[in-house]
Amino acid sequence: MIERTLFSADHEAFRDSFRRFVEKEIVPHHEVWEEDGYVDRAVWHKAGENGFLCMSLPEAYGGADADKLYSVVQMEELARAGTTGIGYGLHSEIVAPYILHYGTEAQKQHYLPKLASGEMVGAIAMSEPAAGSDLQGIKCTALQQPDGSYLLNGSKTFITNGWHADLVVVVAKTNPAAGGKGTSLFLVERGMPGFEKGKRLKKMGMKAQDTSELFFSNVRLSAEQLLGGSAYENKGFICLMEQLPWERLQIAITAVSAAQAAIDWTVDYVKDRQVFGQPVANFQNTRYTLAELQTEVQVARVFVDKCCELVVLDKLDTATASMAKYWCSDLQCKVMDECVQLFGGYGYMWEYPITRAYADARVQRIYGGTNEIMKEVISRAMGLGAR
């Protein structure tokens, strides 16, 4: 295999530390959390105590001023272990960066240290019952009142970390007539009058992830809850587009790590499983299938590692991130399907990690923008299609 040059010795030492944390604090409990539909809130506090949240934030805001590769290590380790209920990545590398990049100084000082400590769990509310990948089609509104406040109305669905969330970055229309150019982002806290959480959604996979519906009924927000203040009113869509490449690469990172874990589990299984008096690994079909899968995952890993280098240099463009998201998530689903087949009947049993990984993988081709949308983004970057 090609030696990875992405990480330094410090990154790998951190990997060892975080892997021990995952094996001690997460893996033994994850099955119960899948049955419950959410993880224990204590695992957020423990992560904060160990400095595992919002590591790329500046020290002034509670972070470690670490490069994003430390977060990449975390994403890989959580995916490798199949612990898909843990929403650290979205919290640390999607929600917190919105506040860091666009928030006022007062917003940064108020929220970021609480996110870094685990005192607050963060979520972002984009998708709606009638608007998923089409962010310009959202119906949620936050209309300014004569006193300068805003009234937030609407609903959101499929919200990761939604049940635990103490702070939600809500995408809403402040000027509905202006389409995408009338979109703003708001910081909405748990307990605000009119803000209610719906049921935890029962999903095909990622069963321990507390995915929820959110409802807003005349939630009165002060001008201070507008992310970035008045300077960013009606500029929310631009902010979303700027951050989506990193979000989409995170999906690719987890896809490759999960696919490699599936191959590793399957290699171990086919060496031990006996069929017709010999290990399943002795059959040419088994060997060739795994050889093909490993080749494709190796190709994906090299590409994703290069994309991670570009992220650190702040040079990852939208089209390249879209390529990584669509191709790696498609590959992840292919790997899971082939590996389940090699497990035979046991691949259909929920107690086997390959079965859970198969179910967990399917949404990767949907969230963060469907893979069909990714192809549209790529083709437009090539100068094809309507603009």
# chains A, B, ... in the order shown; residues from 1 in each chain; ligands from 1
$ select_by_dssp --residues "region 324-370 of chain A" --states "helix (DSSP H, G or I)" --output "ChimeraX atom specification"
/A:324-348,353-365
$ residues_around --residues "Asn161 (chain A)" --least-positions-apart "3" --cutoff "10 Å" --atoms "only C-alpha atoms" --output "list in words"
Tyr38, Val39, Gly85, Ile86, Gly87, Tyr88, Leu90, His91, Val121, Gly122, Ala123, Ile124, Ala125, Phe158, His164, Ala165, Asp166, Leu167, Val168, Gln209, Asp210, Thr211 and Ser212 of chain A
$ write_last_selection --atoms "C-alpha atoms" --output "compact mmCIF listing (two decimals), in the first residue's frame"
# COMPACT_ATOMS: atom_id res chain seq x y z
CA TYR A 38 -29.12 8.93 20.97
CA VAL A 39 -25.75 8.87 22.70
CA GLY A 85 -23.74 8.05 16.60
CA ILE A 86 -21.02 10.51 17.57
CA GLY A 87 -21.58 13.96 16.08
CA TYR A 88 -18.25 15.53 17.02
CA LEU A 90 -20.37 18.40 12.65
CA HIS A 91 -20.12 20.15 16.01
CA VAL A 121 -23.73 20.81 21.65
CA GLY A 122 -24.04 22.43 18.24
CA ALA A 123 -26.19 21.66 15.20
CA ILE A 124 -26.96 23.34 11.91
CA ALA A 125 -30.48 23.44 10.53
CA PHE A 158 -33.05 15.51 9.42
CA HIS A 164 -28.94 17.17 22.13
CA ALA A 165 -28.40 20.57 20.51
CA ASP A 166 -28.09 23.59 22.79
CA LEU A 167 -27.16 25.88 19.91
CA VAL A 168 -28.51 25.64 16.37
CA GLN A 209 -27.24 9.60 15.97
CA ASP A 210 -29.87 11.89 17.49
CA THR A 211 -31.40 13.13 14.25
CA SER A 212 -34.45 15.30 14.93
$ residues_around --residues "Gln250 (chain A)" --least-positions-apart "4" --cutoff "12 Å" --atoms "only C-alpha atoms" --output "number ranges by chain"
A: 68-69, 71-76, 79, 88-90, 92-94, 243-246, 254-257, 304-305, 307-308, 311, 321-322, 324-326, 328-329, 364, 367-368
$ atom_distance --atom1 "CA of Gln260 (chain A)" --atom2 "CA of Leu342 (chain A)"
15.1 Å
$ select_by_dssp --residues "region 152-320 of chain A" --states "strand (DSSP E)" --output "MDAnalysis selection string"
chainID A and resid 152:159 167:173 183:189 195:200 212:221 274:275 278:279
$ atom_distance --atom1 "CA of Phe283 (chain A)" --atom2 "CA of Val270 (chain A)"
9.6 Å
$ atom_distance --atom1 "CA of Thr83 (chain A)" --atom2 "CA of His30 (chain A)"
6.7 Å
$ residues_around --residues "Ala223 (chain A)" --least-positions-apart "6" --cutoff "10 Å" --atoms "only C-alpha atoms" --output "ChimeraX atom specification"
/A:144,147-150,186,229-230
$ closest_residue --among "A:Asp65, A:Glu247, A:Glu119, A:Glu128" --to "Trp44 (chain A)" --atoms "only C-alpha atoms"
A:Glu119
$ closest_residue --among "A:Met204, A:Ala262, A:Ile2, A:Ala291" --to "Gly347 (chain A)" --atoms "only C-alpha atoms"
A:Ala262
$ closest_residue --among "A:Pro28, A:Gly345, A:Gly103, A:Gly37" --to "Met206 (chain A)" --atoms "only C-alpha atoms"
A:Gly37
$ closest_residue --among "A:Ala361, A:Cys339, A:Val169, A:Leu112" --to "Met55 (chain A)" --atoms "only C-alpha atoms"
A:Leu112
$ residues_around --residues "Ala359 (chain A)" --least-positions-apart "3" --cutoff "7 Å" --atoms "only C-alpha atoms" --output "list of chain:residue names"
A:Met204, A:Gly205, A:Thr355, A:Arg356, A:Arg362
$ write_last_selection --atoms "N, CA and C atoms" --output "tab-separated table (two decimals), in the first residue's frame"
chain	number	residue	atom	x	y	z
A	204	MET	N	-32.84	4.21	8.81
A	204	MET	CA	-32.32	2.93	8.35
A	204	MET	C	-31.01	2.59	9.05
A	205	GLY	N	-30.14	3.57	9.18
A	205	GLY	CA	-28.84	3.38	9.81
A	205	GLY	C	-28.53	4.55	10.73
A	355	THR	N	-22.95	-5.39	8.98
A	355	THR	CA	-24.38	-5.15	8.72
A	355	THR	C	-24.75	-3.72	9.08
A	356	ARG	N	-24.29	-3.28	10.23
A	356	ARG	CA	-24.58	-1.91	10.66
A	356	ARG	C	-23.88	-0.91	9.74
A	362	ARG	N	-25.59	4.21	3.57
A	362	ARG	CA	-26.49	4.64	2.50
A	362	ARG	C	-26.76	6.14	2.49
